[in-house]
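Structure file entry-v3.pdb with PDB, C-alpha atoms:
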```pdb
ATOM      1  CA  MET A  12      39.500  16.988 -39.797  1.00  0.00           C
ATOM      2  CA  GLY A  13      37.790  15.334 -36.842  1.00  0.00           C
ATOM      3  CA  ALA A  14      37.753  16.689 -33.313  1.00  0.00           C
ATOM      4  CA  PRO A  15      40.553  15.483 -31.041  1.00  0.00           C
ATOM      5  CA  ASP A  16      39.762  12.551 -28.767  1.00  0.00           C
ATOM      6  CA  ARG A  17      38.601  13.530 -25.308  1.00  0.00           C
ATOM      7  CA  SER A  18      40.764  12.636 -22.361  1.00  0.00           C
ATOM      8  CA  ILE A  19      39.768   9.871 -19.971  1.00  0.00           C
ATOM      9  CA  GLY A  20      39.419  12.489 -17.238  1.00  0.00           C
ATOM     10  CA  ALA A  21      36.891  14.456 -19.300  1.00  0.00           C
ATOM     11  CA  VAL A  22      34.922  11.317 -20.099  1.00  0.00           C
ATOM     12  CA  LEU A  23      34.878  10.258 -16.426  1.00  0.00           C
ATOM     13  CA  THR A  24      33.799  13.765 -15.370  1.00  0.00           C
ATOM     14  CA  ASP A  25      30.877  13.577 -17.813  1.00  0.00           C
ATOM     15  CA  VAL A  26      29.940  10.094 -16.622  1.00  0.00           C
ATOM     16  CA  VAL A  27      29.990  11.187 -12.963  1.00  0.00           C
ATOM     17  CA  ALA A  28      27.815  14.222 -13.761  1.00  0.00           C
ATOM     18  CA  ASP A  29      25.381  12.029 -15.693  1.00  0.00           C
ATOM     19  CA  VAL A  30      25.225   9.501 -12.855  1.00  0.00           C
ATOM     20  CA  GLN A  31      24.506  12.286 -10.354  1.00  0.00           C
ATOM     21  CA  GLN A  32      21.620  13.528 -12.491  1.00  0.00           C
ATOM     22  CA  ILE A  33      20.291   9.995 -12.843  1.00  0.00           C
ATOM     23  CA  VAL A  34      20.468   9.355  -9.101  1.00  0.00           C
ATOM     24  CA  ARG A  35      18.549  12.560  -8.376  1.00  0.00           C
ATOM     25  CA  ALA A  36      15.899  11.641 -10.942  1.00  0.00           C
ATOM     26  CA  GLU A  37      15.597   8.118  -9.505  1.00  0.00           C
ATOM     27  CA  ALA A  38      15.156   9.524  -5.999  1.00  0.00           C
ATOM     28  CA  ARG A  39      12.322  11.749  -7.240  1.00  0.00           C
ATOM     29  CA  LEU A  40      10.689   8.762  -8.959  1.00  0.00           C
ATOM     30  CA  ALA A  41      11.019   6.614  -5.827  1.00  0.00           C
ATOM     31  CA  ARG A  42       9.351   9.317  -3.703  1.00  0.00           C
ATOM     32  CA  ALA A  43       6.474   9.600  -6.172  1.00  0.00           C
ATOM     33  CA  GLU A  44       5.938   5.827  -6.217  1.00  0.00           C
ATOM     34  CA  PHE A  45       6.071   5.672  -2.444  1.00  0.00           C
ATOM     35  CA  ARG A  46       3.413   8.398  -2.157  1.00  0.00           C
ATOM     36  CA  GLU A  47       1.119   6.469  -4.511  1.00  0.00           C
ATOM     37  CA  GLU A  48       1.455   3.322  -2.419  1.00  0.00           C
ATOM     38  CA  LEU A  49       0.745   5.250   0.775  1.00  0.00           C
ATOM     39  CA  VAL A  50      -2.549   6.450  -0.704  1.00  0.00           C
ATOM     40  CA  LYS A  51      -3.511   2.825  -1.427  1.00  0.00           C
ATOM     41  CA  ALA A  52      -2.515   1.796   2.096  1.00  0.00           C
ATOM     42  CA  LYS A  53      -4.640   4.587   3.550  1.00  0.00           C
ATOM     43  CA  ARG A  54      -7.722   3.214   1.774  1.00  0.00           C
ATOM     44  CA  GLY A  55      -7.068  -0.277   3.120  1.00  0.00           C
ATOM     45  CA  VAL A  56      -6.598   1.000   6.655  1.00  0.00           C
ATOM     46  CA  THR A  57      -9.856   2.951   6.358  1.00  0.00           C
ATOM     47  CA  PHE A  58     -11.736  -0.271   5.588  1.00  0.00           C
ATOM     48  CA  LEU A  59     -10.027  -2.041   8.484  1.00  0.00           C
ATOM     49  CA  VAL A  60     -10.997   0.732  10.884  1.00  0.00           C
ATOM     50  CA  ALA A  61     -14.578   0.681   9.603  1.00  0.00           C
ATOM     51  CA  GLY A  62     -14.689  -3.072  10.168  1.00  0.00           C
ATOM     52  CA  GLY A  63     -13.282  -2.629  13.667  1.00  0.00           C
ATOM     53  CA  VAL A  64     -15.870  -0.002  14.534  1.00  0.00           C
ATOM     54  CA  LEU A  65     -18.667  -2.240  13.278  1.00  0.00           C
ATOM     55  CA  GLY A  66     -17.238  -5.093  15.324  1.00  0.00           C
ATOM     56  CA  ALA A  67     -17.283  -2.918  18.450  1.00  0.00           C
ATOM     57  CA  LEU A  68     -20.855  -1.893  17.719  1.00  0.00           C
ATOM     58  CA  ALA A  69     -21.762  -5.571  17.367  1.00  0.00           C
ATOM     59  CA  VAL A  70     -20.863  -6.065  21.032  1.00  0.00           C
ATOM     60  CA  GLY A  71     -23.258  -3.264  21.976  1.00  0.00           C
ATOM     61  CA  VAL A  72     -25.956  -4.742  19.787  1.00  0.00           C
ATOM     62  CA  LEU A  73     -25.450  -8.106  21.437  1.00  0.00           C
ATOM     63  CA  LEU A  74     -26.129  -6.564  24.842  1.00  0.00           C
ATOM     64  CA  LEU A  75     -29.086  -4.578  23.580  1.00  0.00           C
ATOM     65  CA  ALA A  76     -30.521  -7.615  21.814  1.00  0.00           C
ATOM     66  CA  ALA A  77     -30.300  -9.622  25.008  1.00  0.00           C
ATOM     67  CA  VAL A  78     -32.370  -6.989  26.819  1.00  0.00           C
ATOM     68  CA  TYR A  79     -34.996  -6.512  24.076  1.00  0.00           C
ATOM     69  CA  ALA A  80     -35.170 -10.196  23.178  1.00  0.00           C
ATOM     70  CA  LEU A  81     -36.939 -10.950  26.426  1.00  0.00           C
ATOM     71  CA  ALA A  82     -40.142  -9.601  24.895  1.00  0.00           C
ATOM     72  CA  THR A  83     -39.955 -11.543  21.616  1.00  0.00           C
ATOM     73  CA  ILE A  84     -41.202 -14.943  20.631  1.00  0.00           C
ATOM     74  CA  TRP A  85     -37.690 -16.357  20.425  1.00  0.00           C
ATOM     75  CA  PRO A  86     -35.727 -17.187  23.441  1.00  0.00           C
ATOM     76  CA  PRO A  87     -33.403 -14.290  24.311  1.00  0.00           C
ATOM     77  CA  TRP A  88     -30.277 -16.276  23.489  1.00  0.00           C
ATOM     78  CA  ALA A  89     -31.537 -17.119  19.966  1.00  0.00           C
ATOM     79  CA  ALA A  90     -32.314 -13.495  19.105  1.00  0.00           C
ATOM     80  CA  ALA A  91     -28.965 -12.285  20.424  1.00  0.00           C
ATOM     81  CA  LEU A  92     -27.137 -15.031  18.542  1.00  0.00           C
ATOM     82  CA  THR A  93     -28.903 -14.107  15.282  1.00  0.00           C
ATOM     83  CA  VAL A  94     -27.938 -10.449  15.630  1.00  0.00           C
ATOM     84  CA  ALA A  95     -24.366 -11.399  16.496  1.00  0.00           C
ATOM     85  CA  VAL A  96     -23.970 -13.680  13.471  1.00  0.00           C
ATOM     86  CA  VAL A  97     -25.304 -11.053  11.061  1.00  0.00           C
ATOM     87  CA  SER A  98     -23.121  -8.315  12.590  1.00  0.00           C
ATOM     88  CA  LEU A  99     -20.033 -10.493  12.465  1.00  0.00           C
ATOM     89  CA  ALA A 100     -20.700 -11.412   8.821  1.00  0.00           C
ATOM     90  CA  VAL A 101     -20.963  -7.753   7.791  1.00  0.00           C
ATOM     91  CA  GLY A 102     -17.891  -6.807   9.837  1.00  0.00           C
ATOM     92  CA  GLY A 103     -15.974  -9.733   8.348  1.00  0.00           C
ATOM     93  CA  ALA A 104     -16.843  -8.618   4.819  1.00  0.00           C
ATOM     94  CA  ILE A 105     -15.581  -5.089   5.569  1.00  0.00           C
ATOM     95  CA  VAL A 106     -12.344  -6.396   7.102  1.00  0.00           C
ATOM     96  CA  ALA A 107     -11.806  -8.701   4.103  1.00  0.00           C
ATOM     97  CA  THR A 108     -12.209  -5.715   1.768  1.00  0.00           C
ATOM     98  CA  GLY A 109      -9.635  -3.758   3.776  1.00  0.00           C
ATOM     99  CA  LEU A 110      -7.178  -6.661   3.727  1.00  0.00           C
ATOM    100  CA  ARG A 111      -7.544  -6.985  -0.048  1.00  0.00           C
ATOM    101  CA  GLN A 112      -6.721  -3.278  -0.362  1.00  0.00           C
ATOM    102  CA  LEU A 113      -3.633  -3.665   1.824  1.00  0.00           C
ATOM    103  CA  ASN A 114      -2.457  -6.757  -0.072  1.00  0.00           C
ATOM    104  CA  SER A 115      -2.340  -4.718  -3.291  1.00  0.00           C
ATOM    105  CA  VAL A 116       0.115  -2.257  -1.725  1.00  0.00           C
ATOM    106  CA  THR A 117       3.783  -2.653  -2.603  1.00  0.00           C
ATOM    107  CA  LEU A 118       6.326  -0.434  -0.924  1.00  0.00           C
ATOM    108  CA  THR A 119       9.043  -1.425  -3.382  1.00  0.00           C
ATOM    109  CA  PRO A 120       9.396   1.260  -6.068  1.00  0.00           C
ATOM    110  CA  ASP A 121       9.296  -1.188  -8.995  1.00  0.00           C
ATOM    111  CA  HIS A 122       9.665   1.429 -11.732  1.00  0.00           C
ATOM    112  CA  THR A 123      12.640   2.961  -9.959  1.00  0.00           C
ATOM    113  CA  VAL A 124      14.352  -0.419  -9.527  1.00  0.00           C
ATOM    114  CA  LYS A 125      13.901  -1.127 -13.236  1.00  0.00           C
ATOM    115  CA  THR A 126      15.298   2.223 -14.340  1.00  0.00           C
ATOM    116  CA  VAL A 127      18.211   1.985 -11.891  1.00  0.00           C
ATOM    117  CA  LYS A 128      19.162  -1.350 -13.459  1.00  0.00           C
ATOM    118  CA  GLU A 129      18.943   0.245 -16.905  1.00  0.00           C
ATOM    119  CA  ASN A 130      21.074   3.159 -15.752  1.00  0.00           C
ATOM    120  CA  ILE A 131      23.719   0.845 -14.281  1.00  0.00           C
ATOM    121  CA  GLN A 132      23.865  -0.945 -17.613  1.00  0.00           C
ATOM    122  CA  TRP A 133      24.206   2.407 -19.393  1.00  0.00           C
ATOM    123  CA  VAL A 134      27.072   3.466 -17.119  1.00  0.00           C
ATOM    124  CA  LYS A 135      28.831   0.164 -17.733  1.00  0.00           C
ATOM    125  CA  THR A 136      28.670   0.723 -21.492  1.00  0.00           C
ATOM    126  CA  ARG A 137      30.044   4.245 -21.094  1.00  0.00           C
ATOM    127  CA  ILE A 138      32.985   3.063 -18.974  1.00  0.00           C
ATOM    128  CA  ASP A 139      33.922   0.079 -21.174  1.00  0.00           C
TER     129      ASP A 139
END
```
Could you spell out this file's structure in structure tokens?
Amino acid sequence: MGAPDRSIGAVLTDVVADVQQIVRAEARLARAEFREELVKAKRGVTFLVAGGVLGALAVGVLLLAAVYALATIWPPWAAALTVAVVSLAVGGAIVATGLRQLNSVTLTPDHTVKTVKENIQWVKTRID
């Protein structure tokens, strides 16, 4: 003979326990995904800071170039402008690299969202 049918209360108790376990697992997954994205953001911010530092140094070089350019064959303004353009190009490349890093960061835990949707569907099938 087969086992007696379980009561609705027992089934609902099991479903609630399963949902609690799923929610805890999803929270752990979301935290792990968030940590991964923070590491990527940190790299992007590092490039942005490096670009900012180089930009600040470019101002110093501009002043220094103006002083030293007096003894060159170019007019002082031309030498300073050349140094400024090169410094800005390098700084711009570093900032662009940092922005690309930051654009690849997503703070939405995509894997968690997908599994939560799957779990909701699973719960619906258990209740029906």
**Request:** Apply the PyMOL selection byres ((chain A and resi 65) around 9) to the displayed file and report the matching residues as an NGL selection string.
**Result:** :A and (60-64 or 66-70 or 98-99 or 101-102 or 105)
**Request:** Excluding stretch 47-49 of chain A and any residue of its chain fewer than 3 positions from it, enumerate the residues within 8 Å of it, using only C-alpha atoms, and give them as a list in words.
**Result:**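 My list of contacting residues is Ala43, Glu44, Ala52, Lys53, Val116, Thr117 and Leu118 of chain A.
When all atoms listed in the file are used to compute distances to A:His122, the closest of the residues A:Val27, A:Ala21, A:Ala90, A:Ala36 turns out to be A:Ala36.
Atom CA of A:Gln132 lies 15.8 Å from atom CA of A:Leu23.
As for atom CA of A:Pro86 and atom CA of A:Ala100, they are spaced 21.7 Å apart.
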**Asked** Skipping near chain neighbours, those fewer than 4 positions away, what residues fall within 12 Å of A:Tyr79 using all atoms listed in the file, listed as number ranges by chain?
**Response** A: 72-75, 83-91, 94
With a distance cut-off of 12 Å and all atoms listed in the file, select the neighbouring residues of A:Leu40, excluding the residue or stretch itself and same-chain residues fewer than 3 positions from it, and output the selection as a PDB file with C-alpha atoms, in the frame of the given file.
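File produced: out_22.pdb:
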```pdb
ATOM      1  CA  ILE A  33      20.291   9.995 -12.843  1.00  0.00           C
ATOM      2  CA  VAL A  34      20.468   9.355  -9.101  1.00  0.00           C
ATOM      3  CA  ARG A  35      18.549  12.560  -8.376  1.00  0.00           C
ATOM      4  CA  ALA A  36      15.899  11.641 -10.942  1.00  0.00           C
ATOM      5  CA  GLU A  37      15.597   8.118  -9.505  1.00  0.00           C
ATOM      6  CA  ALA A  43       6.474   9.600  -6.172  1.00  0.00           C
ATOM      7  CA  GLU A  44       5.938   5.827  -6.217  1.00  0.00           C
ATOM      8  CA  PHE A  45       6.071   5.672  -2.444  1.00  0.00           C
ATOM      9  CA  ARG A  46       3.413   8.398  -2.157  1.00  0.00           C
ATOM     10  CA  GLU A  47       1.119   6.469  -4.511  1.00  0.00           C
ATOM     11  CA  THR A 119       9.043  -1.425  -3.382  1.00  0.00           C
ATOM     12  CA  PRO A 120       9.396   1.260  -6.068  1.00  0.00           C
ATOM     13  CA  ASP A 121       9.296  -1.188  -8.995  1.00  0.00           C
ATOM     14  CA  HIS A 122       9.665   1.429 -11.732  1.00  0.00           C
ATOM     15  CA  THR A 123      12.640   2.961  -9.959  1.00  0.00           C
ATOM     16  CA  VAL A 124      14.352  -0.419  -9.527  1.00  0.00           C
ATOM     17  CA  LYS A 125      13.901  -1.127 -13.236  1.00  0.00           C
ATOM     18  CA  THR A 126      15.298   2.223 -14.340  1.00  0.00           C
ATOM     19  CA  VAL A 127      18.211   1.985 -11.891  1.00  0.00           C
TER      20      VAL A 127
END
```
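One distance worth recording is that between atom CA of A:Val30 and atom CA of A:Asn130, which is 8.1 Å.
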Export stretch 20-98 of chain A from the structure block above, keeping C-alpha atoms, as a compact mmCIF listing (two decimals), in the first residue's frame.
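out27.txt was written with the following content:
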```txt
# COMPACT_ATOMS: atom_id res chain seq x y z
CA GLY A 20 -0.22 22.11 6.35
CA ALA A 21 2.74 19.73 6.06
CA VAL A 22 3.24 20.61 2.41
CA LEU A 23 3.11 24.36 3.16
CA THR A 24 5.56 23.92 6.06
CA ASP A 25 8.00 22.17 3.70
CA VAL A 26 7.55 24.86 1.05
CA VAL A 27 8.18 27.65 3.58
CA ALA A 28 11.32 25.89 4.85
CA ASP A 29 12.55 25.41 1.28
CA VAL A 30 11.88 29.06 0.44
CA GLN A 31 13.81 30.18 3.53
CA GLN A 32 16.80 28.08 2.48
CA ILE A 33 16.59 29.46 -1.05
CA VAL A 34 16.43 33.06 0.17
CA ARG A 35 19.50 32.56 2.35
CA ALA A 36 21.39 30.99 -0.55
CA GLU A 37 20.37 33.83 -2.88
CA ALA A 38 21.56 36.41 -0.35
CA ARG A 39 24.96 34.69 -0.19
CA LEU A 40 25.15 34.64 -4.00
CA ALA A 41 24.21 38.33 -4.22
CA ARG A 42 26.95 39.26 -1.73
CA ALA A 43 29.53 37.29 -3.70
CA GLU A 44 28.52 38.94 -6.98
CA PHE A 45 28.58 42.36 -5.38
CA ARG A 46 32.12 41.77 -4.06
CA GLU A 47 33.30 40.78 -7.55
CA GLU A 48 31.88 43.97 -9.04
CA LEU A 49 33.51 46.08 -6.33
CA VAL A 50 36.90 44.64 -7.28
CA LYS A 51 36.29 45.68 -10.90
CA ALA A 52 35.21 49.15 -9.79
CA LYS A 53 38.36 49.50 -7.70
CA ARG A 54 40.52 48.89 -10.78
CA GLY A 55 38.62 51.52 -12.76
CA VAL A 56 38.93 54.07 -9.97
CA THR A 57 42.67 53.36 -9.77
CA PHE A 58 43.06 54.29 -13.44
CA LEU A 59 40.99 57.44 -12.93
CA VAL A 60 43.13 58.50 -9.99
CA ALA A 61 46.31 57.82 -11.98
CA GLY A 62 44.96 59.96 -14.81
CA GLY A 63 44.07 62.72 -12.35
CA VAL A 64 47.54 62.68 -10.83
CA LEU A 65 49.13 62.87 -14.28
CA GLY A 66 46.83 65.75 -15.13
CA ALA A 67 47.94 67.61 -12.00
CA LEU A 68 51.57 66.95 -12.86
CA ALA A 69 50.92 68.34 -16.34
CA VAL A 70 50.14 71.72 -14.77
CA GLY A 71 53.51 71.64 -13.00
CA VAL A 72 55.24 70.66 -16.20
CA LEU A 73 53.56 73.52 -18.00
CA LEU A 74 55.01 75.98 -15.50
CA LEU A 75 58.43 74.36 -15.58
CA ALA A 76 58.42 74.27 -19.38
CA ALA A 77 57.63 77.96 -19.50
CA VAL A 78 60.69 78.70 -17.36
CA TYR A 79 63.10 76.36 -19.19
CA ALA A 80 61.74 77.18 -22.64
CA LEU A 81 63.27 80.62 -22.49
CA ALA A 82 66.64 79.06 -23.30
CA THR A 83 65.48 76.95 -26.26
CA ILE A 84 65.21 77.69 -29.93
CA TRP A 85 61.42 77.69 -29.82
CA PRO A 86 59.49 80.50 -28.40
CA PRO A 87 58.57 79.74 -24.78
CA TRP A 88 54.87 79.48 -25.55
CA ALA A 89 55.45 76.85 -28.28
CA ALA A 90 57.55 74.61 -26.03
CA ALA A 91 55.05 74.86 -23.18
CA LEU A 92 52.16 74.14 -25.54
CA THR A 93 53.93 71.04 -26.92
CA VAL A 94 54.52 69.65 -23.43
CA ALA A 95 50.93 70.40 -22.45
CA VAL A 96 49.46 68.63 -25.49
CA VAL A 97 51.56 65.51 -24.94
CA SER A 98 50.75 65.42 -21.21
```
